[in-house]
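Colleague: Dropping in final.txt, with compact mmCIF, C-alpha atoms.
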```
# COMPACT_ATOMS: atom_id res chain seq x y z
CA MET A 1 126.78 -140.42 -4.56
CA ARG A 2 128.41 -139.20 -1.36
CA GLN A 3 125.11 -138.95 0.49
CA PHE A 4 124.35 -142.57 -0.43
CA LEU A 5 127.69 -144.03 0.63
CA LEU A 6 128.54 -142.17 3.84
CA PRO A 7 125.80 -143.86 5.92
CA ILE A 8 127.09 -147.30 4.89
CA ALA A 9 130.82 -146.54 5.02
CA SER A 10 131.33 -148.66 8.14
CA LEU A 11 129.65 -151.65 6.51
CA LEU A 12 131.73 -151.30 3.35
CA LEU A 13 134.88 -151.02 5.45
CA GLY A 14 134.02 -154.16 7.40
CA SER A 15 133.35 -155.99 4.14
CA ALA A 16 136.70 -154.80 2.72
CA PHE A 17 138.59 -156.20 5.73
CA LEU A 18 136.67 -159.46 5.39
CA PHE A 19 137.45 -159.89 1.69
CA PHE A 20 141.07 -158.80 2.16
CA ALA A 21 141.54 -161.60 4.69
CA GLY A 22 139.76 -164.01 2.33
CA GLY A 23 142.08 -163.01 -0.52
CA VAL A 24 145.18 -163.60 1.60
CA THR A 25 144.05 -167.02 2.84
CA GLY A 26 142.62 -168.21 -0.47
CA MET A 27 145.97 -167.64 -2.18
CA HIS A 28 148.27 -168.49 0.71
CA LEU A 29 146.99 -171.96 1.63
CA PRO A 30 147.49 -173.57 -1.83
CA LEU A 31 150.97 -172.02 -2.10
CA ARG A 32 151.94 -173.02 1.43
CA GLY A 33 150.50 -176.49 0.87
CA THR A 34 152.65 -176.88 -2.23
CA PHE A 35 155.70 -175.83 -0.21
CA GLU A 36 154.82 -178.41 2.45
CA GLY A 37 154.59 -181.16 -0.17
CA PHE A 38 150.83 -181.66 -0.13
CA SER A 39 149.51 -183.58 -3.13
CA SER A 40 147.46 -181.84 -5.81
CA LEU A 41 144.46 -183.89 -4.69
CA SER A 42 144.83 -182.61 -1.13
CA LEU A 43 145.08 -179.04 -2.37
CA GLY A 44 142.01 -179.52 -4.55
CA LEU A 45 140.08 -180.72 -1.54
CA LEU A 46 140.70 -177.34 0.08
CA GLY A 47 138.35 -175.87 -2.51
CA THR A 48 135.85 -178.67 -2.01
CA GLY A 49 135.87 -178.05 1.74
CA TRP A 50 135.39 -174.32 1.23
CA ALA A 51 132.42 -174.90 -1.10
CA ILE A 52 130.76 -177.33 1.31
CA GLY A 53 131.11 -174.84 4.15
CA TYR A 54 129.95 -171.94 1.99
CA VAL A 55 126.78 -173.66 0.79
CA THR A 56 126.05 -174.85 4.32
CA GLY A 57 126.48 -171.30 5.56
CA CYS A 58 124.08 -169.90 2.96
CA LEU A 59 121.46 -172.42 4.08
CA SER A 60 121.86 -172.30 7.86
CA VAL A 61 123.18 -168.86 8.87
CA PRO A 62 119.74 -167.17 8.50
CA LYS A 63 118.52 -169.29 11.42
CA ILE A 64 121.57 -168.35 13.51
CA VAL A 65 120.99 -164.66 12.84
CA GLN A 66 117.32 -165.03 13.72
CA ARG A 67 118.30 -166.44 17.10
CA ALA A 68 121.36 -164.32 18.00
CA GLY A 69 120.88 -161.10 16.07
CA HIS A 70 123.02 -159.59 13.31
CA ILE A 71 125.86 -158.08 15.36
CA ARG A 72 126.45 -161.09 17.59
CA ALA A 73 126.13 -163.48 14.65
CA PHE A 74 128.67 -161.46 12.67
CA GLY A 75 131.03 -161.67 15.65
CA VAL A 76 130.62 -165.44 15.68
CA MET A 77 131.36 -165.69 11.96
CA ALA A 78 134.47 -163.51 12.10
CA SER A 79 135.71 -165.46 15.13
CA LEU A 80 135.23 -168.79 13.36
CA ALA A 81 137.07 -167.51 10.27
CA CYS A 82 139.95 -166.28 12.45
CA LEU A 83 139.98 -169.61 14.29
CA SER A 84 140.23 -171.54 11.03
CA VAL A 85 143.29 -169.56 9.93
CA LEU A 86 145.09 -169.79 13.27
CA ALA A 87 144.36 -173.51 13.51
CA SER A 88 145.81 -173.98 10.02
CA SER A 89 149.04 -172.34 11.18
CA LEU A 90 149.32 -174.68 14.17
CA LEU A 91 148.32 -177.95 12.50
CA VAL A 92 149.95 -178.15 9.07
CA ASP A 93 148.17 -181.26 7.82
CA PRO A 94 146.20 -181.67 4.57
CA ILE A 95 143.21 -183.42 6.13
CA ALA A 96 142.97 -180.87 8.95
CA TRP A 97 143.25 -178.03 6.47
CA VAL A 98 140.23 -179.32 4.52
CA ALA A 99 138.16 -179.25 7.73
CA PHE A 100 139.46 -175.79 8.64
CA ARG A 101 138.74 -174.55 5.14
CA SER A 102 135.17 -175.82 5.40
CA LEU A 103 134.77 -173.88 8.64
CA ALA A 104 136.15 -170.78 6.93
CA GLY A 105 133.70 -171.15 4.04
CA PHE A 106 130.79 -171.40 6.47
CA ALA A 107 131.95 -168.33 8.40
CA PHE A 108 132.69 -166.28 5.29
CA ALA A 109 129.25 -166.98 3.82
CA GLY A 110 127.56 -165.98 7.05
CA ALA A 111 129.55 -162.79 7.51
CA ALA A 112 128.97 -161.72 3.89
CA MET A 113 125.23 -162.38 4.17
CA ILE A 114 124.95 -160.27 7.31
CA VAL A 115 126.76 -157.29 5.77
CA GLU A 116 124.72 -157.59 2.57
CA SER A 117 121.43 -157.69 4.47
CA TRP A 118 122.41 -154.42 6.17
CA LEU A 119 123.26 -152.85 2.82
CA THR A 120 119.97 -154.04 1.35
CA GLU A 121 118.09 -152.47 4.24
CA ARG A 122 119.88 -149.15 3.68
CA SER A 123 119.22 -149.06 -0.07
CA ASN A 124 116.21 -148.12 -2.16
CA PRO A 125 115.39 -148.21 -5.88
CA GLY A 126 117.08 -144.85 -6.34
CA ASN A 127 120.48 -145.82 -4.93
CA ARG A 128 120.56 -149.62 -5.02
CA GLY A 129 122.66 -149.68 -8.20
CA VAL A 130 125.23 -147.30 -6.72
CA ILE A 131 125.43 -149.24 -3.46
CA PHE A 132 125.72 -152.65 -5.14
CA GLY A 133 128.31 -151.39 -7.63
CA THR A 134 130.40 -149.82 -4.88
CA TYR A 135 130.11 -152.92 -2.72
CA THR A 136 131.26 -155.11 -5.60
CA MET A 137 134.21 -152.84 -6.41
CA VAL A 138 135.28 -152.67 -2.77
CA ASN A 139 135.22 -156.44 -2.42
CA LEU A 140 137.05 -157.00 -5.69
CA ALA A 141 139.74 -154.48 -4.79
CA ALA A 142 140.12 -155.94 -1.30
CA THR A 143 140.39 -159.50 -2.59
CA THR A 144 142.98 -158.50 -5.18
CA ALA A 145 144.97 -156.55 -2.59
CA GLY A 146 144.97 -159.58 -0.30
CA GLN A 147 146.33 -161.74 -3.10
CA VAL A 148 149.01 -159.24 -4.08
CA VAL A 149 150.25 -159.04 -0.49
CA LEU A 150 151.64 -162.56 -0.84
CA SER A 151 154.32 -161.29 -3.21
CA MET A 152 155.79 -159.22 -0.37
CA GLY A 153 157.17 -161.96 1.82
CA PRO A 154 158.06 -165.66 2.16
CA ILE A 155 155.14 -168.11 2.17
CA ASP A 156 156.85 -170.60 4.50
CA GLY A 157 156.54 -168.49 7.65
CA PHE A 158 153.66 -167.62 9.95
CA GLU A 159 153.24 -164.01 8.83
CA PHE A 160 150.41 -164.49 6.35
CA PHE A 161 148.41 -166.60 8.79
CA VAL A 162 148.67 -163.73 11.28
CA ILE A 163 147.81 -161.06 8.71
CA ALA A 164 144.65 -162.88 7.62
CA SER A 165 143.63 -163.49 11.24
CA MET A 166 144.18 -159.85 12.12
CA PHE A 167 141.96 -158.62 9.32
CA TYR A 168 139.18 -161.08 10.18
CA VAL A 169 139.24 -159.64 13.70
CA VAL A 170 139.45 -156.03 12.49
CA ALA A 171 136.37 -156.69 10.31
CA LEU A 172 134.43 -156.95 13.57
CA ILE A 173 135.00 -153.34 14.53
CA PRO A 174 133.00 -151.38 11.90
CA THR A 175 129.88 -153.52 12.31
CA ALA A 176 130.18 -153.56 16.11
CA VAL A 177 130.18 -149.77 16.41
CA THR A 178 127.86 -148.94 13.50
CA ARG A 179 124.74 -146.94 14.27
CA THR A 180 122.94 -148.47 11.30
CA PRO A 181 119.78 -150.21 12.53
CA ALA A 182 119.76 -154.00 12.36
CA PRO A 183 117.98 -155.16 9.19
CA ALA A 184 115.17 -157.60 8.58
CA PRO A 185 115.83 -161.36 8.80
CA LEU A 186 118.10 -162.87 6.16
CA ALA A 187 116.67 -164.44 3.03
CA GLN A 188 116.38 -168.21 3.00
CA VAL A 189 116.52 -170.24 -0.20
CA LYS A 190 115.50 -173.85 -0.77
CA LEU A 191 116.69 -175.84 -3.75
CA ASP A 192 113.82 -176.96 -5.99
CA LEU A 193 115.68 -178.81 -8.73
CA LYS A 194 112.54 -179.91 -10.61
CA ARG A 195 111.31 -176.34 -10.80
CA LEU A 196 114.71 -175.09 -11.94
CA TRP A 197 114.87 -177.79 -14.60
CA ARG A 198 111.44 -176.87 -15.93
CA ASN A 199 112.50 -173.23 -16.16
CA SER A 200 115.82 -173.81 -17.90
CA PRO A 201 117.73 -177.08 -18.33
CA VAL A 202 120.60 -175.08 -19.86
CA ALA A 203 120.97 -172.98 -16.73
CA VAL A 204 120.92 -175.98 -14.37
CA VAL A 205 123.51 -177.98 -16.31
CA ALA A 206 125.74 -175.08 -17.34
CA VAL A 207 125.75 -173.41 -13.90
CA THR A 208 126.77 -176.69 -12.27
CA LEU A 209 129.55 -177.16 -14.84
CA THR A 210 130.57 -173.52 -14.34
CA GLY A 211 131.00 -174.36 -10.66
CA VAL A 212 133.21 -177.29 -11.66
CA SER A 213 135.36 -175.09 -13.89
CA ASN A 214 135.55 -171.98 -11.71
CA GLY A 215 135.92 -173.95 -8.49
CA SER A 216 138.87 -175.94 -9.80
CA PHE A 217 140.60 -172.89 -11.27
CA GLY A 218 139.93 -170.69 -8.25
CA THR A 219 141.44 -173.27 -5.92
CA LEU A 220 144.30 -174.64 -8.01
CA ALA A 221 145.41 -171.74 -10.23
CA ALA A 222 148.13 -170.77 -7.76
CA VAL A 223 149.27 -174.41 -7.58
CA TYR A 224 149.40 -174.54 -11.38
CA GLY A 225 151.49 -171.38 -11.47
CA GLY A 226 153.97 -172.87 -9.03
CA GLN A 227 154.21 -176.14 -10.96
CA VAL A 228 155.00 -174.40 -14.26
CA GLY A 229 157.73 -172.37 -12.56
CA LEU A 230 156.20 -168.93 -12.11
CA PRO A 231 157.58 -166.81 -9.23
CA ILE A 232 155.22 -165.77 -6.44
CA ALA A 233 154.76 -162.24 -7.80
CA SER A 234 153.76 -163.62 -11.20
CA ILE A 235 151.40 -166.16 -9.62
CA THR A 236 149.52 -163.39 -7.81
CA LEU A 237 149.20 -161.45 -11.08
CA PHE A 238 148.17 -164.65 -12.88
CA VAL A 239 145.25 -165.21 -10.49
CA SER A 240 144.29 -161.56 -10.04
CA ALA A 241 144.35 -160.82 -13.78
CA SER A 242 141.77 -163.52 -14.44
CA ILE A 243 139.42 -162.11 -11.80
CA LEU A 244 139.80 -158.52 -13.00
CA ALA A 245 139.23 -159.57 -16.61
CA GLY A 246 136.05 -161.35 -15.57
CA ALA A 247 134.84 -158.21 -13.79
CA PHE A 248 135.49 -155.90 -16.75
CA ALA A 249 133.97 -158.32 -19.28
CA GLN A 250 130.58 -158.50 -17.57
CA VAL A 251 129.14 -155.20 -18.79
CA PRO A 252 129.76 -155.75 -22.53
CA ILE A 253 128.74 -159.41 -22.29
CA GLY A 254 125.60 -158.41 -20.43
CA MET A 255 124.69 -155.81 -23.05
CA ILE A 256 125.07 -158.38 -25.82
CA SER A 257 123.05 -161.01 -23.96
CA ASP A 258 120.19 -158.53 -23.42
CA ARG A 259 119.91 -158.11 -27.20
CA THR A 260 119.99 -161.72 -28.39
CA ASP A 261 119.22 -165.29 -27.40
CA ARG A 262 121.40 -165.72 -24.33
CA ARG A 263 122.17 -169.30 -25.35
CA PHE A 264 124.18 -167.94 -28.29
CA VAL A 265 126.19 -165.89 -25.79
CA VAL A 266 126.76 -168.99 -23.64
CA ILE A 267 127.99 -170.84 -26.73
CA ALA A 268 130.35 -168.00 -27.63
CA ILE A 269 131.72 -167.82 -24.08
CA ALA A 270 132.24 -171.59 -24.07
CA MET A 271 134.20 -171.42 -27.32
CA VAL A 272 136.46 -168.67 -25.95
CA ALA A 273 136.96 -170.66 -22.75
CA LEU A 274 137.85 -173.77 -24.75
CA ALA A 275 140.37 -171.78 -26.79
CA ALA A 276 141.97 -170.57 -23.55
CA ASP A 277 141.96 -174.15 -22.23
CA CYS A 278 143.87 -175.24 -25.32
CA ILE A 279 146.48 -172.54 -24.79
CA PHE A 280 147.15 -173.85 -21.30
CA LEU A 281 147.12 -177.45 -22.48
CA PHE A 282 149.43 -177.10 -25.47
CA ALA A 283 151.41 -173.83 -25.18
CA ASP A 284 154.43 -173.10 -23.00
CA THR A 285 152.99 -171.09 -20.11
CA SER A 286 156.20 -171.05 -18.08
CA SER A 287 156.63 -167.52 -19.44
CA ALA A 288 154.88 -165.12 -17.07
CA ASN A 289 153.70 -162.89 -19.92
CA ILE A 290 152.06 -165.77 -21.80
CA ALA A 291 150.51 -167.19 -18.66
CA ILE A 292 149.04 -163.86 -17.53
CA ALA A 293 147.75 -162.97 -21.02
CA SER A 294 146.11 -166.40 -21.25
CA ALA A 295 144.60 -165.92 -17.79
CA VAL A 296 143.01 -162.67 -18.95
CA ILE A 297 141.26 -164.48 -21.83
CA PHE A 298 140.33 -167.37 -19.57
CA GLY A 299 138.94 -165.17 -16.78
CA ALA A 300 136.97 -162.97 -19.17
CA ALA A 301 135.19 -166.13 -20.32
CA ILE A 302 134.65 -168.28 -17.23
CA TYR A 303 133.59 -165.49 -14.89
CA THR A 304 130.84 -164.27 -17.24
CA PHE A 305 129.08 -167.64 -17.55
CA TYR A 306 127.16 -167.38 -14.29
CA PRO A 307 125.38 -164.00 -14.65
CA VAL A 308 124.38 -164.79 -18.24
CA LEU A 309 122.95 -168.15 -17.17
CA VAL A 310 121.05 -166.64 -14.25
CA ALA A 311 119.53 -164.05 -16.58
CA HIS A 312 118.62 -166.82 -19.04
CA ALA A 313 116.89 -168.82 -16.30
CA ASN A 314 114.98 -165.74 -15.11
CA ASP A 315 113.84 -165.15 -18.70
CA HIS A 316 111.85 -168.38 -18.40
CA ALA A 317 110.85 -168.13 -14.73
CA ASP A 318 107.33 -167.30 -13.61
CA ALA A 319 106.58 -163.87 -12.20
CA GLY A 320 107.67 -163.72 -8.56
CA ASP A 321 110.16 -166.59 -8.91
CA ALA A 322 113.32 -164.52 -9.37
CA MET A 323 114.64 -165.10 -5.85
CA GLN A 324 113.87 -168.82 -5.95
CA THR A 325 115.47 -169.21 -9.39
CA SER A 326 118.61 -167.17 -8.72
CA GLY A 327 119.06 -168.65 -5.24
CA GLY A 328 118.63 -172.20 -6.51
CA LEU A 329 121.20 -171.65 -9.24
CA LEU A 330 123.56 -170.20 -6.65
CA LEU A 331 123.33 -173.47 -4.73
CA MET A 332 123.91 -175.47 -7.93
CA LEU A 333 127.03 -173.37 -8.52
CA GLY A 334 128.11 -174.41 -5.04
CA VAL A 335 127.52 -178.07 -5.85
CA GLY A 336 129.74 -177.74 -8.91
CA SER A 337 132.34 -175.94 -6.82
CA MET A 338 132.49 -178.97 -4.53
CA ILE A 339 133.20 -181.29 -7.47
CA GLY A 340 135.59 -179.11 -9.49
CA PRO A 341 138.53 -178.76 -7.08
CA PHE A 342 138.44 -182.49 -6.30
CA LEU A 343 138.37 -183.40 -10.01
CA GLY A 344 141.11 -180.91 -10.85
CA GLY A 345 143.25 -182.20 -7.99
CA VAL A 346 142.89 -185.79 -9.13
CA LEU A 347 143.83 -184.94 -12.72
CA MET A 348 146.79 -182.84 -11.60
CA SER A 349 148.00 -185.74 -9.45
CA VAL A 350 147.87 -188.05 -12.48
CA PHE A 351 148.83 -185.77 -15.40
CA GLY A 352 150.71 -182.93 -13.74
CA SER A 353 149.93 -179.23 -14.10
CA ILE A 354 147.86 -179.63 -17.30
CA GLY A 355 145.40 -181.75 -15.36
CA LEU A 356 143.78 -178.55 -14.09
CA PHE A 357 142.87 -177.46 -17.60
CA MET A 358 141.83 -180.94 -18.60
CA SER A 359 139.07 -180.60 -16.01
CA THR A 360 138.05 -177.12 -17.19
CA PHE A 361 138.18 -178.23 -20.85
CA ALA A 362 135.78 -181.09 -20.09
CA ALA A 363 133.38 -178.74 -18.27
CA HIS A 364 133.40 -176.16 -21.06
CA ALA A 365 132.99 -178.78 -23.78
CA LEU A 366 129.94 -180.18 -21.99
CA ILE A 367 128.45 -176.69 -21.62
CA LEU A 368 128.94 -176.10 -25.34
CA ALA A 369 127.48 -179.46 -26.40
CA PHE A 370 124.45 -179.29 -24.11
CA THR A 371 123.60 -175.70 -25.05
CA LEU A 372 123.87 -176.49 -28.76
CA TRP A 373 121.49 -179.42 -28.28
CA ARG A 374 119.00 -177.30 -26.31
CA LEU A 375 118.83 -174.82 -29.20
CA THR A 376 117.02 -177.54 -31.11
CA GLN A 377 114.58 -178.23 -28.27
CA ARG A 378 113.21 -174.79 -27.30
CA SER A 379 112.76 -171.51 -29.13
CA ALA A 380 114.18 -168.28 -27.79
CA VAL A 381 112.16 -166.21 -25.33
CA ALA A 382 110.48 -163.09 -26.69
CA GLU A 383 112.37 -159.84 -26.23
CA SER A 384 109.49 -158.35 -24.24
CA GLU A 385 109.69 -161.19 -21.70
CA LYS A 386 113.44 -161.07 -21.05
CA SER A 387 114.76 -160.18 -17.63
CA VAL A 388 117.57 -157.69 -17.02
CA PHE A 389 121.18 -158.89 -16.88
CA VAL A 390 122.68 -158.36 -13.41
CA PRO A 391 126.51 -158.46 -13.09
CA SER A 392 128.00 -160.58 -10.32
CA ALA A 393 131.37 -160.58 -8.63
CA PRO A 394 133.70 -162.97 -10.52
CA THR A 395 134.57 -164.97 -7.40
CA ARG A 396 132.88 -167.64 -5.30
CA THR A 397 131.40 -165.14 -2.86
CA ALA A 398 127.77 -164.64 -3.90
CA THR A 399 125.06 -165.33 -1.34
CA PRO A 400 121.23 -165.16 -1.38
CA GLN A 401 121.56 -161.66 0.09
CA THR A 402 123.76 -160.64 -2.86
CA ILE A 403 120.88 -161.50 -5.17
CA ILE A 404 118.52 -159.19 -3.31
CA LEU A 405 121.06 -156.37 -3.16
CA ALA A 406 121.91 -156.70 -6.86
CA ASP A 407 118.43 -157.13 -8.31
CA GLU A 408 115.86 -154.39 -7.80
CA GLU A 409 112.98 -156.65 -8.85
CA VAL A 410 113.95 -159.28 -6.31
CA ALA A 411 114.19 -156.62 -3.61
CA LYS A 412 110.68 -155.44 -4.46
CA GLU A 413 109.40 -159.02 -4.21
CA MET A 414 111.00 -159.41 -0.78
CA GLU A 415 109.47 -156.12 0.39
CA VAL A 416 106.03 -157.23 -0.78
CA ASP A 417 106.43 -160.59 0.96
CA GLU A 418 107.48 -158.93 4.23
CA MET A 419 104.51 -156.54 4.10
CA SER A 420 102.09 -159.39 3.46
CA GLU A 421 103.45 -161.27 6.47
CA GLN A 422 102.86 -158.34 8.86
CA PRO A 423 99.71 -158.72 10.95
CA SER A 424 96.94 -156.28 10.21
CA SER A 425 96.05 -153.78 12.91
```
What do you get writing this file as structure tokens?
Modeller:
Amino acid sequence: MRQFLLPIASLLLGSAFLFFAGGVTGMHLPLRGTFEGFSSLSLGLLGTGWAIGYVTGCLSVPKIVQRAGHIRAFGVMASLACLSVLASSLLVDPIAWVAFRSLAGFAFAGAAMIVESWLTERSNPGNRGVIFGTYTMVNLAATTAGQVVLSMGPIDGFEFFVIASMFYVVALIPTAVTRTPAPAPLAQVKLDLKRLWRNSPVAVVAVTLTGVSNGSFGTLAAVYGGQVGLPIASITLFVSASILAGAFAQVPIGMISDRTDRRFVVIAIAMVALAADCIFLFADTSSANIAIASAVIFGAAIYTFYPVLVAHANDHADAGDAMQTSGGLLLMLGVGSMIGPFLGGVLMSVFGSIGLFMSTFAAHALILAFTLWRLTQRSAVAESEKSVFVPSAPTRTATPQTIILADEEVAKEMEVDEMSEQPSS
């Protein structure tokens, strides 16, 4: 393993700094906004802004990299992310923060895509699993560390703005001095909704609703924790526990889904998610132990929806369509992530803290109902035609490059496409 990881250590280090800064900012802004008296709707719009910027970045950054090159483009992205954080510290206004958050989402998507394209270039079928697994663990650990840092100081000062800005800048250094050759151009994905719908209506609907659920929780979970009276340290554990549970649950869920009709797995996950929703809606979660335990159940469910649904869609996709299918669903997840924080913010403004889980309950109930109905409309795919389940990071950080890095078959397709495009001598 050492011989695989040493050549990419600088890239992994740069990615760790990037995700650490993202973890700090993603947790700090909702908490600081609550302290400043921002409405739940305004705080929800922070997530909507992030999702808009992130999807825009996934679509447009490949063209920027093609023009400026990987290293200079990465410098631009890190600079924009740093700018968004510093601007947020100077102009404490909910509308301005939404715009700054959108800029951060754009920059974060671009920076992640550039690092991932480098990692893809440095991997091969023999070490791709090791590299992707290490990359995922590094990012998860860095994000969690960034969230936990917020328990170490007051949220009403400028310190956490500075810390996040510093790490966005430090993320520049490993990629700037790396000797790793610049990779091939970034992957570009176009959304073909009709094609996705023909492949799998369940995946299209459920992935969009997963974006609604995960986007609202990812943005407003810290706000919920503050409204029910949890201290800052418990809020960080509340959010981090859900993400870690989602990460650990993916392997067993994936193994089960590879051995049965994945729609049954989606139904089971939806039922667990609904049970967790009910705990938050009807139980007293002002106790940190109850809240964190419930978050573990909730995270283990909601963060396993997406990889199961992508695998289900690829089961029905034509040969050679894996990148188009997975990339299209990634964009649909982004669309849902635009809607979810706004919806959750509105419901929290009207109904208080439980409004967050009213929005997630509605999303999970619709996933359950639609999947049950689709069971009556299409038979299960044959075992011999099923694709392989690919785990994904349980946060809103996947890009088209992540798909290539994670999926060996997609990487092979991209290599074939690039070879076919080369002029013959």
Colleague: So, counting all atoms listed in the file, which residue among A:Ala184, A:Val205, A:Ala51, A:Val388 is closest to Asp315 of chain A?
Modeller: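 Between A:Ala184, A:Val205, A:Ala51, A:Val388, the residue approaching Asp315 of chain A most closely is A:Val388.
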Colleague: Return the single residue from A:Gly75, A:Leu230, A:His28, A:Leu83 that is closest to Thr285 of chain A, with distances computed using all atoms listed in the file.
Modeller: A:Leu230
Colleague: Nearest to Ser242 of chain A: which of A:Leu140, A:Gly229, A:Cys278, A:Asn314 is it, counting all atoms listed in the file?
Modeller: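 Looking at the shortest contact to Ser242 of chain A, the residue is A:Leu140.
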Colleague: Considering all atoms listed in the file, give me a table of residues in segment 4-109 of chain A that are at most 8 Å from segment 156-160 of chain A, with the closest atom pair and distance in Å for each, as CSV.
Modeller:
```
residue,atom,partner,partner_atom,distance
A:Val24,CA,A:Phe160,CA,7.1
A:Thr25,CA,A:Phe160,CA,7.7
A:His28,CA,A:Phe160,CA,7.2
A:Arg32,CA,A:Asp156,CA,6.3
A:Phe35,CA,A:Asp156,CA,7.1
A:Ser89,CA,A:Phe158,CA,6.7
```
Colleague: Find the residue from A:Val310, A:Ala398, A:Leu330, A:Val177 that sits nearest to Leu191 of chain A; use only C-alpha atoms when measuring.
Modeller: A:Leu330
Colleague: Restricting the calculation to all atoms listed in the file: of A:Pro94, A:Val148, A:Pro154, A:Asn124, which residue gets closest to Ser40 of chain A?
Modeller: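 The answer is A:Pro94, which sits nearest to Ser40 of chain A.
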Colleague: I want to know what sits within 9 Å of Ala406 of chain A, based on all atoms listed in the file, with residues of the same chain fewer than 4 positions away left out; could you give that as a compact mmCIF listing (two decimals) with C-alpha atoms, keeping the file's coordinate frame?
Modeller:
```txt
# COMPACT_ATOMS: atom_id res chain seq x y z
CA THR A 120 119.97 -154.04 1.35
CA ARG A 128 120.56 -149.62 -5.02
CA GLY A 129 122.66 -149.68 -8.20
CA ILE A 131 125.43 -149.24 -3.46
CA PHE A 132 125.72 -152.65 -5.14
CA GLY A 133 128.31 -151.39 -7.63
CA VAL A 390 122.68 -158.36 -13.41
CA PRO A 391 126.51 -158.46 -13.09
CA SER A 392 128.00 -160.58 -10.32
CA GLN A 401 121.56 -161.66 0.09
CA THR A 402 123.76 -160.64 -2.86
CA VAL A 410 113.95 -159.28 -6.31
CA ALA A 411 114.19 -156.62 -3.61
```
Colleague: Might you pull out every residue within 12 Å of Ala293 of chain A, with all atoms listed in the file counted and same-chain residues fewer than 6 positions away left off, and present them as a list in words?
Modeller: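 Once the adjacent positions are removed, what remains is Ser234, Leu237, Phe238, Val239, Ser240, Ala241, Ser242, Ala245, Ala276, Ile279, Phe280, Thr285, Ser287, Gly299 and Ala300 of chain A.
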Colleague: What's the separation between atom CA of Gly218 of chain A and atom CA of Thr395 of chain A, in Å to one decimal place?
Modeller: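 Going from atom CA of Gly218 of chain A over to atom CA of Thr395 of chain A, I get 7.9 Å.
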Colleague: Just give me the gap between atom CA of Leu41 of chain A and atom CA of Ala369 of chain A in Å, one decimal is fine.
Modeller: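 Atom-to-atom, atom CA of Leu41 of chain A to atom CA of Ala369 of chain A, that is 27.9 Å.
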Colleague: What gap, in Å, lies between atom CA of Ser84 of chain A and atom CA of Ser353 of chain A?
Modeller: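 Distance reported for this atom pair: 28.0 Å.
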Colleague: For a quick check of understanding, using all atoms listed in the file, which of A:Leu150, A:Ile354, A:Ile290, A:Leu46 has the smallest distance to Ala233 of chain A?
Modeller: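 So, comparing all the options, the nearest one is A:Leu150.
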Colleague: Give me the residues within 9 Å of Tyr135 of chain A as a compact mmCIF listing (two decimals) with C-alpha atoms, keeping the file's coordinate frame, counting only C-alpha atoms and dropping any in the same chain fewer than 3 places off.
Modeller:
```
# COMPACT_ATOMS: atom_id res chain seq x y z
CA LEU A 12 131.73 -151.30 3.35
CA SER A 15 133.35 -155.99 4.14
CA ALA A 16 136.70 -154.80 2.72
CA GLU A 116 124.72 -157.59 2.57
CA LEU A 119 123.26 -152.85 2.82
CA VAL A 130 125.23 -147.30 -6.72
CA ILE A 131 125.43 -149.24 -3.46
CA PHE A 132 125.72 -152.65 -5.14
CA VAL A 138 135.28 -152.67 -2.77
CA ASN A 139 135.22 -156.44 -2.42
CA LEU A 140 137.05 -157.00 -5.69
```
Colleague: Considering all atoms listed in the file, return as a PyMOL selection string whatever protein or nucleic-acid residues lie within 12 Å of segment 373-379 of chain A, sequence-local ones (same chain, fewer than 6 positions apart) excluded.
Modeller: chain A and resi 198-203+205-206+261-264+266-267+316+366-367
Colleague: Generate the output file for the selected residues, C-alpha atoms, as a PDB file, keeping the file's coordinate frame.
Modeller:
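Listed below is the output, out_33.pdb:
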```
ATOM      1  CA  ARG A 198     111.440-176.870 -15.930  1.00  0.00           C
ATOM      2  CA  ASN A 199     112.500-173.230 -16.160  1.00  0.00           C
ATOM      3  CA  SER A 200     115.820-173.810 -17.900  1.00  0.00           C
ATOM      4  CA  PRO A 201     117.730-177.080 -18.330  1.00  0.00           C
ATOM      5  CA  VAL A 202     120.600-175.080 -19.860  1.00  0.00           C
ATOM      6  CA  ALA A 203     120.970-172.980 -16.730  1.00  0.00           C
ATOM      7  CA  VAL A 205     123.510-177.980 -16.310  1.00  0.00           C
ATOM      8  CA  ALA A 206     125.740-175.080 -17.340  1.00  0.00           C
ATOM      9  CA  ASP A 261     119.220-165.290 -27.400  1.00  0.00           C
ATOM     10  CA  ARG A 262     121.400-165.720 -24.330  1.00  0.00           C
ATOM     11  CA  ARG A 263     122.170-169.300 -25.350  1.00  0.00           C
ATOM     12  CA  PHE A 264     124.180-167.940 -28.290  1.00  0.00           C
ATOM     13  CA  VAL A 266     126.760-168.990 -23.640  1.00  0.00           C
ATOM     14  CA  ILE A 267     127.990-170.840 -26.730  1.00  0.00           C
ATOM     15  CA  HIS A 316     111.850-168.380 -18.400  1.00  0.00           C
ATOM     16  CA  LEU A 366     129.940-180.180 -21.990  1.00  0.00           C
ATOM     17  CA  ILE A 367     128.450-176.690 -21.620  1.00  0.00           C
TER      18      ILE A 367
END
```
Colleague: As number ranges by chain, please: the residues near Met332 of chain A (cut-off 8 Å, all atoms listed in the file, same-chain neighbours under 5 positions excluded).
Modeller: A: 204, 207-208, 211
